[in-house]
file input_21.cif (mmCIF, C-alpha atoms)
data_query
loop_
_atom_site.label_atom_id
_atom_site.label_comp_id
_atom_site.auth_asym_id
_atom_site.auth_seq_id
_atom_site.Cartn_x
_atom_site.Cartn_y
_atom_site.Cartn_z
CA THR A 966 0.00 0.00 0.00
CA MET A 967 0.95 3.64 -0.24
CA GLY A 968 0.82 3.89 3.54
CA HIS A 969 4.41 2.68 3.66
CA MET A 970 5.60 5.02 0.92
CA LEU A 971 8.70 6.97 1.70
CA LYS A 972 8.07 10.56 2.77
CA ALA A 973 9.87 11.97 -0.29
CA ALA A 974 7.73 9.85 -2.59
CA ARG A 975 4.55 11.00 -0.83
CA HIS A 976 5.63 14.63 -1.20
CA ASP A 977 6.21 14.11 -4.93
CA ALA A 978 2.82 12.43 -5.24
CA ILE A 979 1.08 15.40 -3.55
CA VAL A 980 2.76 17.85 -5.92
CA GLU A 981 1.70 15.72 -8.91
CA LEU A 982 -1.90 15.62 -7.65
CA LEU A 983 -1.90 19.42 -7.29
CA ARG A 984 -0.61 19.96 -10.82
CA ASP A 985 -3.95 18.76 -12.16
CA ARG A 986 -6.27 20.84 -10.00
CA PRO A 987 -6.46 24.33 -8.50
CA ALA A 988 -6.71 23.20 -4.87
CA MET A 989 -7.18 20.13 -2.65
CA ARG A 990 -8.25 19.49 0.90
CA THR A 991 -6.13 17.51 3.34
CA VAL A 992 -8.81 14.80 3.39
CA ASP A 993 -8.40 14.41 -0.42
CA VAL A 994 -4.64 14.00 0.04
CA ALA A 995 -5.18 11.31 2.70
CA ARG A 996 -7.68 9.47 0.50
CA ASN A 997 -5.55 9.65 -2.66
CA LEU A 998 -2.37 8.47 -0.95
CA ASN A 999 -4.18 6.04 1.34
CA VAL A 1000 -2.57 7.51 4.46
CA SER A 1001 -3.95 8.82 7.74
CA MET A 1002 -5.15 12.40 8.10
CA ALA A 1003 -2.27 13.05 10.53
CA THR A 1004 0.30 11.92 7.95
CA ALA A 1005 -1.38 13.95 5.19
CA ARG A 1006 -1.40 17.03 7.42
CA ARG A 1007 2.29 16.57 8.33
CA ASP A 1008 3.23 16.19 4.67
CA CYS A 1009 1.32 19.35 3.74
CA ILE A 1010 2.99 21.37 6.52
CA ALA A 1011 6.41 20.13 5.36
CA LEU A 1012 5.66 21.15 1.77
CA GLU A 1013 4.37 24.53 2.95
CA ASP A 1014 7.55 25.11 4.98
CA LYS A 1015 9.59 24.40 1.85
CA GLY A 1016 7.53 27.00 -0.02
CA ILE A 1017 6.19 24.45 -2.53
CA ILE A 1018 2.54 24.63 -1.54
CA GLU A 1019 0.45 27.23 0.26
CA ARG A 1020 -2.69 26.97 2.31
CA SER A 1021 -5.71 29.02 1.32
CA TRP A 1022 -9.45 28.90 2.01
CA GLY A 1023 -9.88 26.26 -0.70
CA GLY A 1024 -7.34 23.95 0.93
CA ILE A 1025 -3.82 23.55 -0.38
CA GLN A 1026 -2.47 24.66 -3.73
CA LEU A 1027 0.88 24.86 -5.48
CA VAL A 1028 2.73 28.13 -5.05
CA THR A 1029 2.63 29.59 -8.55
CA SER A 1030 5.52 30.91 -10.55
CA VAL A 1031 4.96 34.49 -9.35
CA ASP A 1032 6.71 33.56 -6.15
CA ASP A 1033 9.57 31.56 -7.63
CA HIS A 1034 12.99 31.60 -6.08
CA PHE A 1035 14.69 34.97 -5.92
CA GLY A 1036 17.07 34.39 -8.84
CA ASP A 1037 14.32 33.30 -11.22
CA VAL A 1038 12.11 36.22 -10.30
CA MET A 1039 14.92 38.75 -10.58
CA ASN A 1040 15.04 38.30 -14.36
CA HIS A 1041 11.27 38.31 -14.66
CA HIS A 1042 9.68 41.61 -15.74
CA ALA A 1043 13.02 43.33 -15.14
CA GLN A 1044 12.19 46.43 -17.17
CA ALA A 1045 8.96 47.09 -15.30
CA LYS A 1046 10.71 46.59 -11.96
CA ALA A 1047 13.52 48.95 -12.96
CA ALA A 1048 10.97 51.62 -13.94
CA ILE A 1049 9.16 51.23 -10.59
CA ALA A 1050 12.50 51.48 -8.77
CA ARG A 1051 13.36 54.74 -10.56
CA LYS A 1052 10.07 56.30 -9.40
CA ALA A 1053 10.69 55.09 -5.85
CA ALA A 1054 14.22 56.55 -5.84
CA GLU A 1055 12.76 60.01 -6.54
CA LEU A 1056 11.00 59.88 -3.15
CA VAL A 1057 14.24 59.38 -1.23
CA HIS A 1058 16.08 62.45 0.09
CA ASP A 1059 19.50 62.73 1.70
CA GLY A 1060 19.27 62.32 5.44
CA ASP A 1061 16.28 59.96 5.23
CA THR A 1062 16.01 56.73 7.18
CA ILE A 1063 14.34 54.12 5.01
CA ILE A 1064 13.18 50.55 5.54
CA MET A 1065 13.62 48.22 2.60
CA ASP A 1066 11.52 45.06 2.47
CA ILE A 1067 12.51 41.82 0.77
CA GLY A 1068 11.69 40.98 -2.84
CA THR A 1069 13.08 41.63 -6.26
CA THR A 1070 11.33 44.92 -7.03
CA VAL A 1071 12.65 46.50 -3.84
CA HIS A 1072 16.09 45.06 -4.61
CA HIS A 1073 16.09 46.95 -7.94
CA LEU A 1074 15.76 50.14 -5.89
CA SER A 1075 18.82 49.42 -3.73
CA GLY A 1076 21.11 49.72 -6.76
CA LEU A 1077 19.84 53.27 -7.34
CA LEU A 1078 20.63 54.44 -3.81
CA THR A 1079 24.37 53.78 -3.61
CA GLY A 1080 25.25 57.46 -4.09
CA ARG A 1081 22.85 58.77 -1.45
CA SER A 1082 23.45 59.86 2.12
CA ILE A 1083 20.84 57.78 3.95
CA THR A 1084 20.26 55.14 6.61
CA VAL A 1085 18.77 51.87 5.39
CA LEU A 1086 17.13 49.25 7.61
CA THR A 1087 16.69 45.86 5.96
CA ALA A 1088 16.42 42.13 6.52
CA SER A 1089 17.22 41.46 2.85
CA LEU A 1090 20.64 40.06 2.02
CA PRO A 1091 20.60 41.32 -1.61
CA VAL A 1092 19.79 44.86 -0.37
CA PHE A 1093 22.62 44.60 2.18
CA GLU A 1094 25.04 43.38 -0.50
CA ALA A 1095 24.09 46.26 -2.81
CA LEU A 1096 24.55 48.97 -0.18
CA LYS A 1097 27.23 47.75 2.24
CA THR A 1098 30.09 49.47 0.39
CA ALA A 1099 28.16 52.66 -0.46
CA PRO A 1100 30.21 55.51 1.11
CA ASP A 1101 27.38 57.50 2.72
CA VAL A 1102 24.84 54.77 3.38
CA THR A 1103 24.50 53.48 6.93
CA VAL A 1104 23.09 49.95 6.72
CA VAL A 1105 21.26 48.48 9.69
CA VAL A 1106 20.64 44.74 9.30
CA LEU A 1107 17.51 43.40 10.98
CA GLY A 1108 18.60 39.97 12.15
CA GLY A 1109 16.53 36.84 12.53
CA VAL A 1110 16.26 33.31 11.22
CA TRP A 1111 17.91 32.91 7.81
CA SER A 1112 15.52 32.14 4.92
CA GLU A 1113 17.34 30.72 1.90
CA ARG A 1114 14.18 30.87 -0.20
CA TYR A 1115 13.64 34.61 0.27
CA GLN A 1116 17.32 35.50 0.82
CA CYS A 1117 16.50 37.36 4.01
CA PHE A 1118 16.30 37.16 7.77
CA ASP A 1119 12.83 36.18 8.89
CA GLY A 1120 10.67 35.68 11.94
CA GLN A 1121 9.58 37.53 15.06
CA PHE A 1122 13.05 38.97 15.77
CA VAL A 1123 12.82 41.10 12.64
CA ALA A 1124 9.36 42.40 13.56
CA GLU A 1125 10.49 43.10 17.14
CA ALA A 1126 13.62 44.95 16.00
CA LEU A 1127 11.45 47.27 13.91
CA THR A 1128 9.57 48.45 17.00
CA HIS A 1129 12.79 50.19 18.15
CA HIS A 1130 13.14 52.27 14.99
CA GLN A 1131 11.32 55.18 13.39
CA ALA A 1132 11.86 55.65 9.67
CA ASP A 1133 10.86 58.38 7.22
CA LEU A 1134 10.04 56.00 4.40
CA ALA A 1135 9.44 52.31 3.80
CA PHE A 1136 9.37 50.41 0.52
CA LEU A 1137 7.41 47.16 0.52
CA GLY A 1138 7.02 44.25 -1.87
CA CYS A 1139 4.23 41.66 -2.01
CA SER A 1140 3.14 38.65 -4.02
CA GLY A 1141 -0.25 39.97 -5.07
CA VAL A 1142 -2.98 42.58 -4.75
CA SER A 1143 -6.55 41.31 -4.95
CA ALA A 1144 -9.41 43.27 -6.51
CA ASN A 1145 -10.74 44.41 -3.14
CA GLY A 1146 -7.42 46.06 -2.30
CA ARG A 1147 -6.10 43.36 0.03
CA VAL A 1148 -2.38 42.84 -0.32
CA ARG A 1149 -1.38 39.18 -0.53
CA ASP A 1150 1.68 37.29 0.59
CA THR A 1151 2.63 33.63 0.52
CA SER A 1152 4.42 33.67 3.88
CA ARG A 1153 2.71 34.14 7.24
CA SER A 1154 5.86 35.42 8.98
CA GLN A 1155 6.55 37.88 6.16
CA ALA A 1156 3.00 39.21 6.46
CA HIS A 1157 3.72 39.91 10.14
CA ILE A 1158 7.00 41.69 9.28
CA LYS A 1159 5.29 43.87 6.65
CA GLN A 1160 2.82 45.08 9.28
CA ALA A 1161 5.77 46.00 11.53
CA ILE A 1162 7.45 47.87 8.66
CA ILE A 1163 4.33 50.00 8.06
CA ALA A 1164 4.05 50.77 11.78
CA ALA A 1165 7.70 51.88 11.96
CA ALA A 1166 7.62 54.28 8.99
CA SER A 1167 6.02 57.72 8.61
CA ARG A 1168 5.26 56.97 4.95
CA SER A 1169 5.24 53.64 3.18
CA TYR A 1170 5.02 52.72 -0.50
CA LEU A 1171 4.10 49.40 -2.03
CA LEU A 1172 6.20 48.59 -5.12
CA VAL A 1173 4.14 46.26 -7.26
CA ASP A 1174 4.37 45.18 -10.87
CA SER A 1175 0.98 45.07 -12.65
CA GLU A 1176 1.40 41.32 -13.26
CA LYS A 1177 0.69 40.89 -9.54
CA PHE A 1178 -2.97 41.91 -9.89
CA PRO A 1179 -4.34 39.69 -8.45
CA GLY A 1180 -1.21 37.58 -7.89
CA VAL A 1181 -1.02 34.87 -5.27
CA GLY A 1182 -0.83 34.36 -1.54
CA ALA A 1183 -3.03 32.99 1.22
CA HIS A 1184 -1.90 35.55 3.81
CA SER A 1185 -2.92 39.17 3.80
CA PRO A 1186 -0.51 41.50 5.62
CA PHE A 1187 -2.44 44.73 5.04
CA THR A 1188 -4.80 46.54 2.69
CA ILE A 1189 -3.79 49.12 0.10
CA GLU A 1190 -5.48 51.74 2.32
CA GLU A 1191 -2.81 51.26 4.99
CA VAL A 1192 0.10 52.48 2.84
CA SER A 1193 0.72 56.05 1.69
CA GLY A 1194 1.08 55.06 -1.90
CA VAL A 1195 1.51 52.41 -4.57
CA ILE A 1196 4.16 52.58 -7.27
CA THR A 1197 3.15 50.36 -10.17
CA THR A 1198 3.23 49.82 -13.91
CA GLY A 1199 0.12 50.05 -16.01
CA SER A 1200 -3.19 50.99 -14.44
CA LEU A 1201 -4.29 50.06 -10.97
CA SER A 1202 -7.84 48.87 -11.57
CA LEU A 1203 -9.12 47.80 -8.20
CA ASP A 1204 -12.75 47.66 -7.09
CA PHE A 1205 -12.19 50.04 -4.19
CA ASP A 1206 -11.37 52.87 -6.61
CA ALA A 1207 -15.09 53.06 -7.30
CA HIS A 1208 -15.77 54.40 -3.79
CA GLY A 1209 -13.87 57.52 -4.80
CA GLU A 1210 -12.60 57.98 -1.25
CA SER A 1211 -9.21 56.32 -1.42
CA THR A 1212 -6.41 58.50 -0.03
CA VAL A 1213 -3.75 56.29 -1.51
CA GLU A 1214 -1.39 57.98 -3.94
CA VAL A 1215 -0.88 55.92 -7.09
CA ILE A 1216 2.40 56.59 -8.89
CA THR A 1217 2.59 55.07 -12.36
CA ALA A 1218 6.04 54.11 -13.60
#
call {"tool": "encode", "arguments": {"input": "input_21.cif", "output": "structure tokens"}}
result
Amino acid sequence: TMGHMLKAARHDAIVELLRDRPAMRTVDVARNLNVSMATARRDCIALEDKGIIERSWGGIQLVTSVDDHFGDVMNHHAQAKAAIARKAAELVHDGDTIIMDIGTTVHHLSGLLTGRSITVLTASLPVFEALKTAPDVTVVVLGGVWSERYQCFDGQFVAEALTHHQADLAFLGCSGVSANGRVRDTSRSQAHIKQAIIAAASRSYLLVDSEKFPGVGAHSPFTIEEVSGVITTGSLSLDFDAHGESTVEVITA
């Protein structure tokens, strides 16, 4: 029986099952693999921790290509991300303290700030690498548990460290924006950190490529209404625009 299947083989089987359908419940996994609910649940948690699947209201689903590993994403939509980064750089003034989130769009911005006289707080290794030798940039690394997948430090330590800082500006990434204005992320701990970033900054901007409408992610760190502005490509056509009362600045790159 499949009950004695090796864990790795079960994990592969779950991924194969998910390739053919948008979502599955844990009970479907147990039934298909002929294992107990406890085993199915453990397997799903392991796959979620590896960033291969995500949990949503419909059950479990494969994490789609929008949230691929950092290197793959970096080359994806590079021109749009560079344009967004240029707009974001215009908001930064010498003397500012800025918080830079993880993600490839925000990383594009770090390359444009090497000549500035600023303080940068970040948990992102690529941002740190880009700015550590910049002559007038003070880099403060927010330490935590290393995440190879996102190339950053992660977890409650990062969120707690942010409570001790006050920044002028924050630049945030995300993995999607749904039509009702909810921002989406695939990682629960990252959602928590994004909330801490917004709380620690006087003004915060979401950098988001138009391909991320609606994007992916079972976790929602905040709504569009909670940031000062959105810097994006193309048009931001979200349902909440119809209310005509949004105070969010939309900057089109």
call {"tool": "residues_around", "arguments": {"input": "input_21.cif", "residues": "Gly1080 (chain A)", "least_positions_apart": "5", "cutoff": "10 Å", "atoms": "only C-alpha atoms", "output": "PyMOL selection string"}}
result
chain A and resi 1059+1096+1099-1102
call {"tool": "residues_around", "arguments": {"input": "input_21.cif", "residues": "Ile1010 (chain A)", "least_positions_apart": "6", "cutoff": "10 Å", "atoms": "only C-alpha atoms", "output": "number ranges by chain"}}
result
A: 1004, 1016, 1018-1020, 1025
call {"tool": "write_last_selection", "arguments": {"input": "input_21.cif", "atoms": "C-alpha atoms", "output": "JSON list (two decimals), keeping the file's coordinate frame"}}
result
[["chain", "number", "residue", "atom", "x", "y", "z"],
["A", 1004, "THR", "CA", 0.30, 11.92, 7.95],
["A", 1016, "GLY", "CA", 7.53, 27.00, -0.02],
["A", 1018, "ILE", "CA", 2.54, 24.63, -1.54],
["A", 1019, "GLU", "CA", 0.45, 27.23, 0.26],
["A", 1020, "ARG", "CA", -2.69, 26.97, 2.31],
["A", 1025, "ILE", "CA", -3.82, 23.55, -0.38]]
call {"tool": "closest_residue", "arguments": {"input": "input_21.cif", "among": "A:Ala1043, A:Met1002, A:Arg1168, A:Asp1014", "to": "Glu1113 (chain A)", "atoms": "all atoms listed in the file"}}
result
A:Asp1014
call {"tool": "closest_residue", "arguments": {"input": "input_21.cif", "among": "A:Ile1189, A:Val1105, A:Val1110, A:Val1092", "to": "Cys1139 (chain A)", "atoms": "all atoms listed in the file"}}
result
A:Ile1189
call {"tool": "closest_residue", "arguments": {"input": "input_21.cif", "among": "A:Leu1012, A:Leu1171, A:Ala1050, A:Val1142", "to": "Gly1194 (chain A)", "atoms": "all atoms listed in the file"}}
result
A:Leu1171
call {"tool": "closest_residue", "arguments": {"input": "input_21.cif", "among": "A:Ile1216, A:Ala995, A:Ile1162, A:Ala1003", "to": "Leu1127 (chain A)", "atoms": "all atoms listed in the file"}}
result
A:Ile1162
call {"tool": "closest_residue", "arguments": {"input": "input_21.cif", "among": "A:Glu1190, A:Ser1167, A:Trp1111, A:Phe1136", "to": "Val1148 (chain A)", "atoms": "all atoms listed in the file"}}
result
A:Glu1190
call {"tool": "closest_residue", "arguments": {"input": "input_21.cif", "among": "A:Leu1027, A:Val1057, A:Lys1159, A:Thr1197", "to": "Thr1087 (chain A)", "atoms": "all atoms listed in the file"}}
result
A:Lys1159
call {"tool": "residues_near_point", "arguments": {"input": "input_21.cif", "point": "(-1.4, 54.0, -9.9)", "cutoff": "10 Å", "atoms": "all atoms listed in the file", "output": "tab-separated table (two decimals) with C-alpha atoms, in the coordinates of the input"}}
result
chain	number	residue	atom	x	y	z
A	1173	VAL	CA	4.14	46.26	-7.26
A	1175	SER	CA	0.98	45.07	-12.65
A	1194	GLY	CA	1.08	55.06	-1.90
A	1195	VAL	CA	1.51	52.41	-4.57
A	1196	ILE	CA	4.16	52.58	-7.27
A	1197	THR	CA	3.15	50.36	-10.17
A	1198	THR	CA	3.23	49.82	-13.91
A	1199	GLY	CA	0.12	50.05	-16.01
A	1200	SER	CA	-3.19	50.99	-14.44
A	1201	LEU	CA	-4.29	50.06	-10.97
A	1202	SER	CA	-7.84	48.87	-11.57
A	1213	VAL	CA	-3.75	56.29	-1.51
A	1214	GLU	CA	-1.39	57.98	-3.94
A	1215	VAL	CA	-0.88	55.92	-7.09
A	1216	ILE	CA	2.40	56.59	-8.89
A	1217	THR	CA	2.59	55.07	-12.36
A	1218	ALA	CA	6.04	54.11	-13.60
call {"tool": "atom_distance", "arguments": {"input": "input_21.cif", "atom1": "CA of Ser1112 (chain A)", "atom2": "CA of Asp1066 (chain A)"}}
result
13.7 Å
call {"tool": "atom_distance", "arguments": {"input": "input_21.cif", "atom1": "CA of Ala973 (chain A)", "atom2": "CA of Ser1140 (chain A)"}}
result
27.8 Å
call {"tool": "resolve_selection", "arguments": {"input": "input_21.cif", "expression": "the PyMOL selection byres ((chain A and resi 1176) around 9)", "output": "list in words"}}
result
Val1031, His1042, Gly1141, Val1173, Asp1174, Ser1175, Lys1177, Phe1178, Pro1179, Gly1180 and Thr1198 of chain A
call {"tool": "residues_around", "arguments": {"input": "input_21.cif", "residues": "Arg975 (chain A)", "least_positions_apart": "4", "cutoff": "8 Å", "atoms": "only C-alpha atoms", "output": "VMD selection string"}}
result
chain A and resid 970 to 971 979 998 1008
call {"tool": "resolve_selection", "arguments": {"input": "input_21.cif", "expression": "the PyMOL selection byres ((chain A and resi 1154) around 10)", "output": "compact mmCIF listing (two decimals) with C-alpha atoms, in the frame of the given file"}}
result
# COMPACT_ATOMS: atom_id res chain seq x y z
CA ASP A 1119 12.83 36.18 8.89
CA GLY A 1120 10.67 35.68 11.94
CA GLN A 1121 9.58 37.53 15.06
CA VAL A 1123 12.82 41.10 12.64
CA ALA A 1124 9.36 42.40 13.56
CA ASP A 1150 1.68 37.29 0.59
CA THR A 1151 2.63 33.63 0.52
CA SER A 1152 4.42 33.67 3.88
CA ARG A 1153 2.71 34.14 7.24
CA GLN A 1155 6.55 37.88 6.16
CA ALA A 1156 3.00 39.21 6.46
CA HIS A 1157 3.72 39.91 10.14
CA ILE A 1158 7.00 41.69 9.28
CA LYS A 1159 5.29 43.87 6.65
CA HIS A 1184 -1.90 35.55 3.81
CA PRO A 1186 -0.51 41.50 5.62
call {"tool": "atom_distance", "arguments": {"input": "input_21.cif", "atom1": "CA of Ala1088 (chain A)", "atom2": "CA of Ile1017 (chain A)"}}
result
22.3 Å
call {"tool": "residues_near_point", "arguments": {"input": "input_21.cif", "point": "(5.5, 50.8, 4.7)", "cutoff": "6 Å", "atoms": "all atoms listed in the file", "output": "list in words"}}
result
Ala1135, Phe1136, Leu1137, Ile1162, Ile1163, Ala1166, Ser1169, Tyr1170 and Val1192 of chain A
call {"tool": "residues_around", "arguments": {"input": "input_21.cif", "residues": "Val992 (chain A)", "least_positions_apart": "3", "cutoff": "9 Å", "atoms": "all atoms listed in the file", "output": "CSV table (one decimal) with C-alpha atoms, in the frame of the given file"}}
result
chain,number,residue,atom,x,y,z
A,989,MET,CA,-7.2,20.1,-2.6
A,995,ALA,CA,-5.2,11.3,2.7
A,996,ARG,CA,-7.7,9.5,0.5
A,997,ASN,CA,-5.6,9.6,-2.7
A,1001,SER,CA,-4.0,8.8,7.7
A,1002,MET,CA,-5.2,12.4,8.1
A,1005,ALA,CA,-1.4,14.0,5.2
A,1006,ARG,CA,-1.4,17.0,7.4
call {"tool": "residues_around", "arguments": {"input": "input_21.cif", "residues": "Ala1165 (chain A)", "least_positions_apart": "6", "cutoff": "7 Å", "atoms": "only C-alpha atoms", "output": "PyMOL selection string"}}
result
chain A and resi 1127-1128+1130-1132
call {"tool": "resolve_selection", "arguments": {"input": "input_21.cif", "expression": "the PyMOL selection byres ((chain A and resi 1091) around 12)", "output": "ChimeraX atom specification"}}
result
/A:1035-1036,1039,1065-1076,1087-1090,1092-1097,1106,1113,1115-1118
